[in-house]
$ cat start-v3.csv   # CSV, C-alpha atoms
chain,number,residue,atom,x,y,z
A,1,MET,CA,-36.8,-25.0,-51.0
A,2,SER,CA,-34.7,-22.4,-52.9
A,3,LYS,CA,-35.3,-20.0,-50.0
A,4,LYS,CA,-33.8,-22.5,-47.6
A,5,ILE,CA,-30.9,-23.2,-49.8
A,6,PHE,CA,-30.3,-19.4,-49.9
A,7,LEU,CA,-30.5,-19.1,-46.1
A,8,TYR,CA,-28.0,-22.0,-45.5
A,9,SER,CA,-25.7,-20.5,-48.1
A,10,VAL,CA,-25.8,-17.1,-46.3
A,11,LEU,CA,-25.1,-19.0,-43.0
A,12,ILE,CA,-22.1,-20.9,-44.3
A,13,ILE,CA,-20.6,-17.7,-45.8
A,14,ALA,CA,-21.2,-15.8,-42.6
A,15,LEU,CA,-19.5,-18.6,-40.6
A,16,PHE,CA,-16.6,-18.6,-43.1
A,17,LEU,CA,-16.2,-14.9,-42.8
A,18,SER,CA,-16.4,-14.9,-39.0
A,19,GLY,CA,-13.3,-17.1,-38.8
A,20,CYS,CA,-15.3,-19.5,-36.7
A,21,GLY,CA,-14.5,-17.7,-33.4
A,22,THR,CA,-11.7,-18.4,-30.9
A,23,PRO,CA,-10.7,-22.1,-31.3
A,24,LEU,CA,-11.4,-24.3,-28.3
A,25,ALA,CA,-7.7,-25.2,-28.0
A,26,VAL,CA,-6.8,-21.5,-27.6
A,27,LYS,CA,-9.4,-21.1,-24.9
A,28,THR,CA,-8.3,-24.2,-23.1
A,29,LEU,CA,-4.6,-23.2,-23.2
A,30,SER,CA,-5.5,-19.7,-21.9
A,31,GLU,CA,-7.6,-21.1,-19.1
A,32,GLU,CA,-4.9,-23.7,-18.0
A,33,GLU,CA,-2.1,-21.1,-18.3
A,34,LEU,CA,-4.1,-18.8,-16.0
A,35,LYS,CA,-4.5,-21.6,-13.4
A,36,THR,CA,-0.8,-22.4,-13.6
A,37,ILE,CA,0.2,-18.8,-13.1
A,38,ALA,CA,-2.1,-18.5,-10.1
A,39,SER,CA,-0.7,-21.7,-8.7
A,40,TYR,CA,2.8,-20.5,-9.3
A,41,GLN,CA,2.0,-17.4,-7.4
A,42,GLU,CA,1.2,-19.5,-4.3
A,43,THR,CA,4.5,-21.5,-4.8
A,44,GLN,CA,6.4,-18.3,-5.0
A,45,LYS,CA,4.9,-16.9,-1.9
A,46,LYS,CA,5.7,-20.1,0.1
A,47,TYR,CA,9.2,-20.1,-1.3
A,48,PHE,CA,9.9,-16.5,-0.3
A,49,ASP,CA,8.5,-17.2,3.2
A,50,VAL,CA,10.9,-20.2,3.6
A,51,ILE,CA,13.9,-18.1,2.4
A,52,GLU,CA,13.1,-15.2,4.7
A,53,SER,CA,12.7,-17.5,7.6
A,54,TYR,CA,16.0,-19.3,6.7
A,55,VAL,CA,18.0,-16.0,6.6
A,56,GLN,CA,16.4,-14.9,9.9
A,57,SER,CA,17.5,-18.2,11.5
A,58,HIS,CA,21.0,-17.7,10.2
A,59,ILE,CA,21.1,-14.2,11.6
A,60,ASN,CA,20.1,-15.5,15.0
A,61,SER,CA,22.8,-18.1,14.8
A,62,ALA,CA,25.3,-15.5,13.7
A,63,GLU,CA,24.3,-13.3,16.6
A,64,LEU,CA,24.9,-16.1,19.1
A,65,LEU,CA,28.3,-16.9,17.5
A,66,MET,CA,29.3,-13.2,17.6
A,67,LYS,CA,28.3,-13.0,21.3
A,68,ALA,CA,30.5,-16.0,22.1
A,69,GLU,CA,33.4,-14.4,20.3
A,70,THR,CA,32.7,-11.1,22.1
A,71,PHE,CA,32.8,-12.9,25.4
A,72,LYS,CA,36.1,-14.4,24.5
A,73,GLN,CA,37.5,-11.0,23.4
A,74,ILE,CA,36.4,-9.3,26.6
A,75,ASN,CA,38.3,-12.0,28.6
A,76,LEU,CA,41.4,-11.6,26.4
A,77,PHE,CA,41.3,-7.8,26.8
A,78,LYS,CA,41.0,-8.2,30.6
A,79,LYS,CA,43.9,-10.7,30.5
A,80,LYS,CA,46.0,-8.3,28.5
A,81,ALA,CA,45.3,-5.5,30.9
A,82,GLU,CA,46.2,-7.7,33.8
A,83,LEU,CA,49.6,-8.6,32.2
A,84,GLN,CA,50.2,-4.9,31.4
A,85,LEU,CA,49.4,-3.9,35.0
A,86,LYS,CA,52.0,-6.4,36.3
A,87,LYS,CA,54.8,-4.4,34.7
A,88,SER,CA,56.7,-2.2,37.0
A,89,ASP,CA,56.4,0.9,34.9
A,90,ALA,CA,52.6,0.4,34.2
A,91,ASP,CA,50.5,3.4,33.6
A,92,ILE,CA,47.3,2.3,35.3
A,93,SER,CA,45.1,5.0,33.9
A,94,ALA,CA,46.3,4.5,30.3
A,95,ILE,CA,45.8,0.7,30.6
A,96,LEU,CA,42.3,1.1,32.0
A,97,ASP,CA,41.4,3.7,29.3
A,98,GLU,CA,42.7,1.3,26.6
A,99,LEU,CA,40.6,-1.6,28.1
A,100,ILE,CA,37.4,0.5,28.2
A,101,SER,CA,38.0,1.8,24.7
A,102,ALA,CA,38.6,-1.7,23.4
A,103,LEU,CA,35.5,-3.1,25.1
A,104,GLN,CA,33.4,-0.3,23.8
A,105,THR,CA,34.7,-0.9,20.2
A,106,VAL,CA,33.9,-4.6,20.4
A,107,LEU,CA,30.4,-4.1,21.8
A,108,GLU,CA,29.5,-1.3,19.4
A,109,GLY,CA,30.9,-3.2,16.5
A,110,ASP,CA,28.7,-6.2,17.2
A,111,GLN,CA,25.6,-4.0,17.3
A,112,THR,CA,26.5,-2.3,14.1
A,113,GLN,CA,27.1,-5.6,12.3
A,114,ILE,CA,23.8,-7.2,13.5
A,115,LYS,CA,22.0,-4.1,12.4
A,116,GLN,CA,23.6,-4.4,9.0
A,117,LEU,CA,22.5,-8.0,8.8
A,118,MET,CA,18.9,-7.1,9.7
A,119,ALA,CA,19.1,-4.4,7.0
A,120,LEU,CA,20.0,-7.1,4.5
A,121,LEU,CA,17.1,-9.2,5.6
A,122,SER,CA,14.8,-6.2,5.2
A,123,GLU,CA,16.1,-5.6,1.8
A,124,LEU,CA,15.5,-9.3,0.9
A,125,LYS,CA,11.9,-9.0,2.2
A,126,GLN,CA,11.5,-5.8,0.2
A,127,LYS,CA,12.7,-7.4,-3.0
A,128,HIS,CA,10.4,-10.3,-2.4
A,129,ARG,CA,7.5,-7.9,-1.9
A,130,GLU,CA,8.4,-6.2,-5.2
A,131,MET,CA,8.5,-9.5,-7.0
A,132,ARG,CA,5.2,-10.6,-5.5
A,133,ASP,CA,3.6,-7.3,-6.5
A,134,ALA,CA,4.9,-7.6,-10.0
A,135,TYR,CA,3.6,-11.1,-10.3
A,136,ALA,CA,0.2,-10.1,-9.1
A,137,VAL,CA,0.1,-7.5,-11.9
A,138,ILE,CA,1.2,-10.2,-14.4
A,139,LEU,CA,-1.6,-12.5,-13.1
A,140,ALA,CA,-4.1,-9.7,-13.4
A,141,ALA,CA,-3.1,-9.0,-17.0
A,142,GLN,CA,-3.3,-12.7,-17.8
A,143,THR,CA,-6.8,-12.9,-16.2
A,144,LYS,CA,-7.9,-10.0,-18.3
A,145,LEU,CA,-6.5,-11.6,-21.5
A,146,ASN,CA,-8.2,-14.9,-20.6
A,147,GLU,CA,-11.5,-13.0,-20.0
A,148,TYR,CA,-11.2,-11.7,-23.6
A,149,ILE,CA,-10.2,-15.0,-25.0
A,150,GLN,CA,-13.1,-16.8,-23.3
A,151,LEU,CA,-15.6,-14.1,-24.4
A,152,GLU,CA,-18.0,-15.1,-27.1
A,153,LYS,CA,-17.3,-12.4,-29.7
A,154,ALA,CA,-20.1,-10.6,-31.6
A,155,ASP,CA,-19.5,-12.4,-34.9
A,156,GLU,CA,-19.2,-15.7,-33.1
A,157,LEU,CA,-22.4,-15.0,-31.2
A,158,PHE,CA,-24.2,-14.1,-34.4
A,159,VAL,CA,-23.2,-17.3,-36.2
A,160,ASN,CA,-23.9,-19.5,-33.1
A,161,GLN,CA,-27.4,-18.1,-32.7
A,162,ILE,CA,-28.3,-18.5,-36.4
A,163,LEU,CA,-26.8,-22.1,-36.4
A,164,PHE,CA,-28.7,-22.9,-33.2
A,165,SER,CA,-31.9,-21.6,-34.8
A,166,VAL,CA,-31.5,-24.0,-37.7
A,167,GLY,CA,-30.4,-26.9,-35.5
A,168,LEU,CA,-26.7,-27.0,-36.5
A,169,GLN,CA,-23.6,-26.9,-34.3
A,170,LYS,CA,-20.7,-24.7,-35.0
A,171,GLU,CA,-18.2,-27.6,-34.4
A,172,LYS,CA,-19.9,-29.6,-37.1
A,173,ILE,CA,-19.6,-26.8,-39.6
A,174,THR,CA,-16.0,-26.3,-38.7
A,175,SER,CA,-15.4,-30.0,-39.1
A,176,ILE,CA,-17.1,-29.9,-42.6
A,177,PHE,CA,-14.8,-27.0,-43.6
A,178,ASP,CA,-11.8,-28.9,-42.4
A,179,ASN,CA,-12.9,-32.0,-44.4
A,180,ILE,CA,-13.5,-29.9,-47.5
A,181,GLY,CA,-10.0,-28.3,-47.1
A,182,SER,CA,-8.5,-31.7,-46.8
A,183,ILE,CA,-10.3,-33.1,-49.8
A,184,MET,CA,-9.3,-30.0,-51.9
A,185,LYS,CA,-5.7,-30.7,-51.0
A,186,ASP,CA,-6.0,-34.3,-52.0
A,187,ILE,CA,-7.5,-33.3,-55.3
A,188,ASP,CA,-4.8,-30.7,-55.8
A,189,LYS,CA,-2.1,-33.4,-55.2
A,190,LEU,CA,-3.8,-35.8,-57.5
A,191,SER,CA,-4.1,-33.3,-60.3
A,192,LYS,CA,-0.4,-32.3,-59.9
A,193,GLY,CA,0.6,-35.9,-59.8
A,194,GLY,CA,-1.4,-36.6,-63.0
A,195,GLY,CA,0.2,-33.6,-64.7
A,196,GLN,CA,3.7,-34.9,-64.1
A,197,LYS,CA,2.9,-38.2,-65.7
B,1,MET,CA,44.6,-14.5,0.0
B,2,LYS,CA,41.1,-15.3,1.3
B,3,ILE,CA,40.0,-14.4,4.8
B,4,GLN,CA,39.7,-18.1,5.6
B,5,GLU,CA,43.3,-18.7,4.5
B,6,ILE,CA,44.5,-15.9,6.7
B,7,TYR,CA,42.5,-17.3,9.6
B,8,SER,CA,44.1,-20.8,9.1
B,9,GLN,CA,47.6,-19.2,9.0
B,10,LEU,CA,47.0,-17.3,12.2
B,11,GLU,CA,45.6,-20.4,13.9
B,12,LYS,CA,48.7,-22.3,13.0
B,13,CYS,CA,50.8,-19.5,14.4
B,14,LEU,CA,48.9,-19.5,17.6
B,15,ALA,CA,49.3,-23.3,17.9
B,16,GLN,CA,53.0,-22.9,17.5
B,17,LEU,CA,53.1,-20.2,20.3
B,18,GLU,CA,51.1,-22.5,22.6
B,19,SER,CA,53.4,-25.5,21.8
B,20,HIS,CA,56.3,-23.3,23.0
B,21,ASN,CA,54.4,-22.3,26.1
B,22,ILE,CA,54.5,-18.6,25.1
B,23,ASP,CA,51.9,-16.7,26.9
B,24,ASP,CA,52.5,-13.0,26.6
B,25,ILE,CA,50.7,-9.9,25.4
B,26,ALA,CA,51.7,-10.6,21.8
B,27,LYS,CA,49.9,-14.0,22.0
B,28,ILE,CA,46.8,-12.3,23.5
B,29,ASP,CA,46.8,-9.8,20.6
B,30,LEU,CA,47.0,-12.7,18.2
B,31,GLU,CA,44.1,-14.4,19.9
B,32,ILE,CA,42.1,-11.2,19.7
B,33,LEU,CA,42.9,-10.8,16.0
B,34,ILE,CA,41.8,-14.4,15.4
B,35,SER,CA,38.6,-13.8,17.2
B,36,GLN,CA,37.9,-10.6,15.2
B,37,LEU,CA,38.6,-12.5,12.0
B,38,LYS,CA,36.2,-15.2,13.1
B,39,LYS,CA,33.5,-12.5,13.4
B,40,GLN,CA,34.3,-11.3,9.9
B,41,ILE,CA,33.9,-14.8,8.6
B,42,ILE,CA,30.5,-15.1,10.3
B,43,ILE,CA,29.3,-11.8,8.9
B,44,GLY,CA,30.9,-12.5,5.5
B,45,ALA,CA,28.5,-15.4,5.1
B,46,PHE,CA,25.8,-12.9,4.4
B,47,ASP,CA,27.7,-11.0,1.7
B,48,PRO,CA,25.8,-12.7,-1.2
B,49,LEU,CA,22.7,-10.8,0.0
B,50,LYS,CA,24.5,-7.6,-0.9
B,51,ASP,CA,24.0,-8.5,-4.5
B,52,LEU,CA,20.3,-8.0,-4.1
B,53,ASN,CA,20.8,-4.4,-5.1
B,54,ASN,CA,21.6,-5.7,-8.6
B,55,VAL,CA,18.5,-7.7,-8.9
B,56,THR,CA,15.9,-5.8,-10.9
B,57,VAL,CA,12.2,-6.8,-10.8
B,58,ALA,CA,10.4,-6.9,-14.2
B,59,ASP,CA,8.9,-3.6,-15.1
B,60,VAL,CA,5.1,-4.1,-15.1
B,61,SER,CA,4.1,-0.5,-14.8
B,62,ASN,CA,2.6,-0.5,-18.3
B,63,LEU,CA,0.3,-3.5,-17.6
B,64,PRO,CA,-2.3,-1.8,-15.5
B,65,ASN,CA,-3.0,0.7,-18.3
B,66,LEU,CA,-3.1,-2.0,-20.9
B,67,ILE,CA,-5.5,-4.0,-18.7
B,68,LYS,CA,-7.8,-1.1,-18.6
B,69,GLN,CA,-7.7,-0.9,-22.4
B,70,VAL,CA,-8.5,-4.6,-22.8
B,71,ASP,CA,-11.3,-4.1,-20.3
B,72,LEU,CA,-12.8,-1.4,-22.5
B,73,VAL,CA,-12.5,-3.8,-25.5
B,74,ILE,CA,-14.3,-6.5,-23.6
B,75,GLN,CA,-17.1,-4.0,-22.6
B,76,LYS,CA,-17.5,-2.9,-26.3
B,77,GLU,CA,-17.5,-6.6,-27.4
B,78,LYS,CA,-20.2,-7.3,-24.9
B,79,GLU,CA,-22.2,-4.4,-26.1
B,80,ARG,CA,-21.8,-5.6,-29.7
B,81,GLY,CA,-23.0,-9.0,-28.5
B,82,GLU,CA,-26.1,-7.5,-27.0
B,83,LEU,CA,-26.7,-5.6,-30.3
B,84,VAL,CA,-26.3,-8.9,-32.3
B,85,ASN,CA,-28.8,-10.6,-30.0
B,86,LYS,CA,-31.3,-7.8,-30.7
B,87,ILE,CA,-30.6,-7.8,-34.4
B,88,VAL,CA,-31.0,-11.6,-34.6
B,89,ALA,CA,-34.2,-11.5,-32.6
B,90,ILE,CA,-35.7,-8.8,-34.9
B,91,SER,CA,-34.5,-10.6,-38.0
B,92,LYS,CA,-36.2,-13.8,-36.8
B,93,MET,CA,-39.4,-11.9,-36.4
B,94,VAL,CA,-39.1,-10.2,-39.8
B,95,LEU,CA,-38.2,-13.5,-41.5
B,96,LYS,CA,-41.1,-15.2,-39.7
B,97,ALA,CA,-43.5,-12.5,-40.9
B,98,ALA,CA,-42.1,-12.9,-44.4
B,99,GLY,CA,-42.8,-16.6,-44.3
B,100,LEU,CA,-39.1,-17.6,-43.8
B,101,PRO,CA,-39.1,-19.0,-40.2
B,102,LEU,CA,-35.6,-19.9,-38.9

$ encode --input "start-v3.csv" --output "structure tokens"
Amino acid sequence: MSKKIFLYSVLIIALFLSGCGTPLAVKTLSEEELKTIASYQETQKKYFDVIESYVQSHINSAELLMKAETFKQINLFKKKAELQLKKSDADISAILDELISALQTVLEGDQTQIKQLMALLSELKQKHREMRDAYAVILAAQTKLNEYIQLEKADELFVNQILFSVGLQKEKITSIFDNIGSIMKDIDKLSKGGGQK
Amino acid sequence: MKIQEIYSQLEKCLAQLESHNIDDIAKIDLEILISQLKKQIIIGAFDPLKDLNNVTVADVSNLPNLIKQVDLVIQKEKERGELVNKIVAISKMVLKAAGLPL
């Protein structure tokens, strides 16, 4: 009988020293946080896709509007040249050169500006890629942390195995410790209250 | 003055010329200018994207190394666990032999 009492005492001390392992609440939070981060990664990906597609559509619209304006400008330059040619002292060659140069400038300007817009879209996509990559690393780090948190540590394993062998559950022991702590506090309060009187 | 305000002023000016039936080279130049301004407004709508250069992505370059370190810690913890399993098994056998079965 005294041997058993000795064994149980050793077990309780071991459990006390081990800190009772990672609390279930911590393990649950870690697991849920990991799920949320993974889910958020999907949301982020979809969001980036929508934004990229939205900007692409706007560039397409801008291109169409620019073409319409260019068409209008070409007609205006032609009209201007026609009016200049009607003058008696008109320098035909100079007027035609000016017309060609103006049209060239307009058309090249459009191409340059559309290229600039496409470069901005590429930059946006690149930034999204960088953010996605960074988030993947964050997720990997959280996954690794969670793996450690969920891991049954050696001291925890030791206590669990011994307790299992003697037919006890770790949660029960933890609960007993909590109850003892609570009773101790009550006794402390009572004793202090008694002292004041 | 914003580009949109300049555009409005020029449009008003053009409307005045048209109301006075003025149709000369100066009016054509004004129309060309308005059209060029319109293009600038279309392109200007994308200006906020230029601020992307100022957006910095969180620096996670340290994390892969730290992940490796935690991985090593996990491996060691697993090894310790295996050792504990062995020790407990042997202890049980010893205690059983000594007449103290767990």

$ closest_residue --input "start-v3.csv" --among "A:Val55, A:Leu121, A:Met131, A:Ile180" --to "Thr56 in chain B" --atoms "only C-alpha atoms"
A:Met131

$ interface_residues --input "start-v3.csv" --of "chain B" --to "chain A" --cutoff "7 Å" --atoms "all atoms listed in the file" --output "PyMOL selection string"
chain B and resi 25+28+32+35+39+42+49+57-58+60+63+67+74+77+80-81+84+102

$ write_last_selection --input "start-v3.csv" --atoms "C-alpha atoms" --output "CSV table (one decimal), in the frame of the given file"
chain,number,residue,atom,x,y,z
B,25,ILE,CA,50.7,-9.9,25.4
B,28,ILE,CA,46.8,-12.3,23.5
B,32,ILE,CA,42.1,-11.2,19.7
B,35,SER,CA,38.6,-13.8,17.2
B,39,LYS,CA,33.5,-12.5,13.4
B,42,ILE,CA,30.5,-15.1,10.3
B,49,LEU,CA,22.7,-10.8,0.0
B,57,VAL,CA,12.2,-6.8,-10.8
B,58,ALA,CA,10.4,-6.9,-14.2
B,60,VAL,CA,5.1,-4.1,-15.1
B,63,LEU,CA,0.3,-3.5,-17.6
B,67,ILE,CA,-5.5,-4.0,-18.7
B,74,ILE,CA,-14.3,-6.5,-23.6
B,77,GLU,CA,-17.5,-6.6,-27.4
B,80,ARG,CA,-21.8,-5.6,-29.7
B,81,GLY,CA,-23.0,-9.0,-28.5
B,84,VAL,CA,-26.3,-8.9,-32.3
B,102,LEU,CA,-35.6,-19.9,-38.9

$ atom_distance --input "start-v3.csv" --atom1 "CA of Gln9 in chain B" --atom2 "CA of Glu98 in chain A"
27.5 Å

$ atom_distance --input "start-v3.csv" --atom1 "CA of Gln40 in chain B" --atom2 "CA of Gln4 in chain B"
9.7 Å

$ atom_distance --input "start-v3.csv" --atom1 "CA of Glu82 in chain B" --atom2 "CA of Lys96 in chain B"
21.1 Å

$ axis_aligned_box --input "start-v3.csv" --around "range 31-38 of chain A" --padding-each-side "8 Å" --output "JSON"
{"center_x": -3.7, "center_y": -21.1, "center_z": -14.6, "size_x": 23.8, "size_y": 21.2, "size_z": 25.0}

$ closest_residue --input "start-v3.csv" --among "B:Lys86, B:Val73, B:Ser8, B:Ile43" --to "Thr112 in chain A" --atoms "all atoms listed in the file"
B:Ile43

$ residues_around --input "start-v3.csv" --residues "Ala38 in chain A" --least-positions-apart "4" --cutoff "7 Å" --atoms "only C-alpha atoms" --output "tab-separated table (two decimals) with C-alpha atoms, in the coordinates of the input"
chain	number	residue	atom	x	y	z
A	34	LEU	CA	-4.10	-18.80	-16.00
A	42	GLU	CA	1.20	-19.50	-4.30
A	139	LEU	CA	-1.60	-12.50	-13.10

$ residues_near_point --input "start-v3.csv" --point "(44.6, -22.4, 19.8)" --cutoff "12 Å" --atoms "all atoms listed in the file" --output "PDB file with C-alpha atoms, keeping the file's coordinate frame"
ATOM      1  CA  TYR B   7      42.500 -17.300   9.600  1.00  0.00           C
ATOM      2  CA  SER B   8      44.100 -20.800   9.100  1.00  0.00           C
ATOM      3  CA  GLN B   9      47.600 -19.200   9.000  1.00  0.00           C
ATOM      4  CA  LEU B  10      47.000 -17.300  12.200  1.00  0.00           C
ATOM      5  CA  GLU B  11      45.600 -20.400  13.900  1.00  0.00           C
ATOM      6  CA  LYS B  12      48.700 -22.300  13.000  1.00  0.00           C
ATOM      7  CA  CYS B  13      50.800 -19.500  14.400  1.00  0.00           C
ATOM      8  CA  LEU B  14      48.900 -19.500  17.600  1.00  0.00           C
ATOM      9  CA  ALA B  15      49.300 -23.300  17.900  1.00  0.00           C
ATOM     10  CA  GLN B  16      53.000 -22.900  17.500  1.00  0.00           C
ATOM     11  CA  LEU B  17      53.100 -20.200  20.300  1.00  0.00           C
ATOM     12  CA  GLU B  18      51.100 -22.500  22.600  1.00  0.00           C
ATOM     13  CA  SER B  19      53.400 -25.500  21.800  1.00  0.00           C
ATOM     14  CA  ASN B  21      54.400 -22.300  26.100  1.00  0.00           C
ATOM     15  CA  ILE B  22      54.500 -18.600  25.100  1.00  0.00           C
ATOM     16  CA  ASP B  23      51.900 -16.700  26.900  1.00  0.00           C
ATOM     17  CA  LYS B  27      49.900 -14.000  22.000  1.00  0.00           C
ATOM     18  CA  ILE B  28      46.800 -12.300  23.500  1.00  0.00           C
ATOM     19  CA  LEU B  30      47.000 -12.700  18.200  1.00  0.00           C
ATOM     20  CA  GLU B  31      44.100 -14.400  19.900  1.00  0.00           C
ATOM     21  CA  ILE B  32      42.100 -11.200  19.700  1.00  0.00           C
ATOM     22  CA  ILE B  34      41.800 -14.400  15.400  1.00  0.00           C
ATOM     23  CA  SER B  35      38.600 -13.800  17.200  1.00  0.00           C
TER      24      SER B  35
END

$ decode --input "start-v3.csv" --residues "range 70-89 of chain B" --atoms "C-alpha atoms" --output "short mmCIF file (atom, residue, chain, number, x, y, z; two decimals), in the first residue's frame"
data_model
loop_
_atom_site.label_atom_id
_atom_site.label_comp_id
_atom_site.auth_asym_id
_atom_site.auth_seq_id
_atom_site.Cartn_x
_atom_site.Cartn_y
_atom_site.Cartn_z
CA VAL B 70 11.67 24.70 -35.63
CA ASP B 71 11.73 21.60 -37.79
CA LEU B 72 14.94 20.52 -36.06
CA VAL B 73 13.33 21.19 -32.68
CA ILE B 74 10.36 19.01 -33.70
CA GLN B 75 12.69 16.21 -34.82
CA LYS B 76 14.57 16.36 -31.52
CA GLU B 77 11.30 16.40 -29.58
CA LYS B 78 10.14 13.33 -31.49
CA GLU B 79 13.43 11.59 -30.72
CA ARG B 80 13.01 12.49 -27.04
CA GLY B 81 9.49 11.07 -27.20
CA GLU B 82 10.79 7.81 -28.61
CA LEU B 83 13.39 7.70 -25.85
CA VAL B 84 10.69 8.31 -23.24
CA ASN B 85 8.66 5.44 -24.72
CA LYS B 86 11.65 3.15 -24.40
CA ILE B 87 12.46 4.29 -20.85
CA VAL B 88 8.85 3.87 -19.74
CA ALA B 89 8.68 0.39 -21.28
#
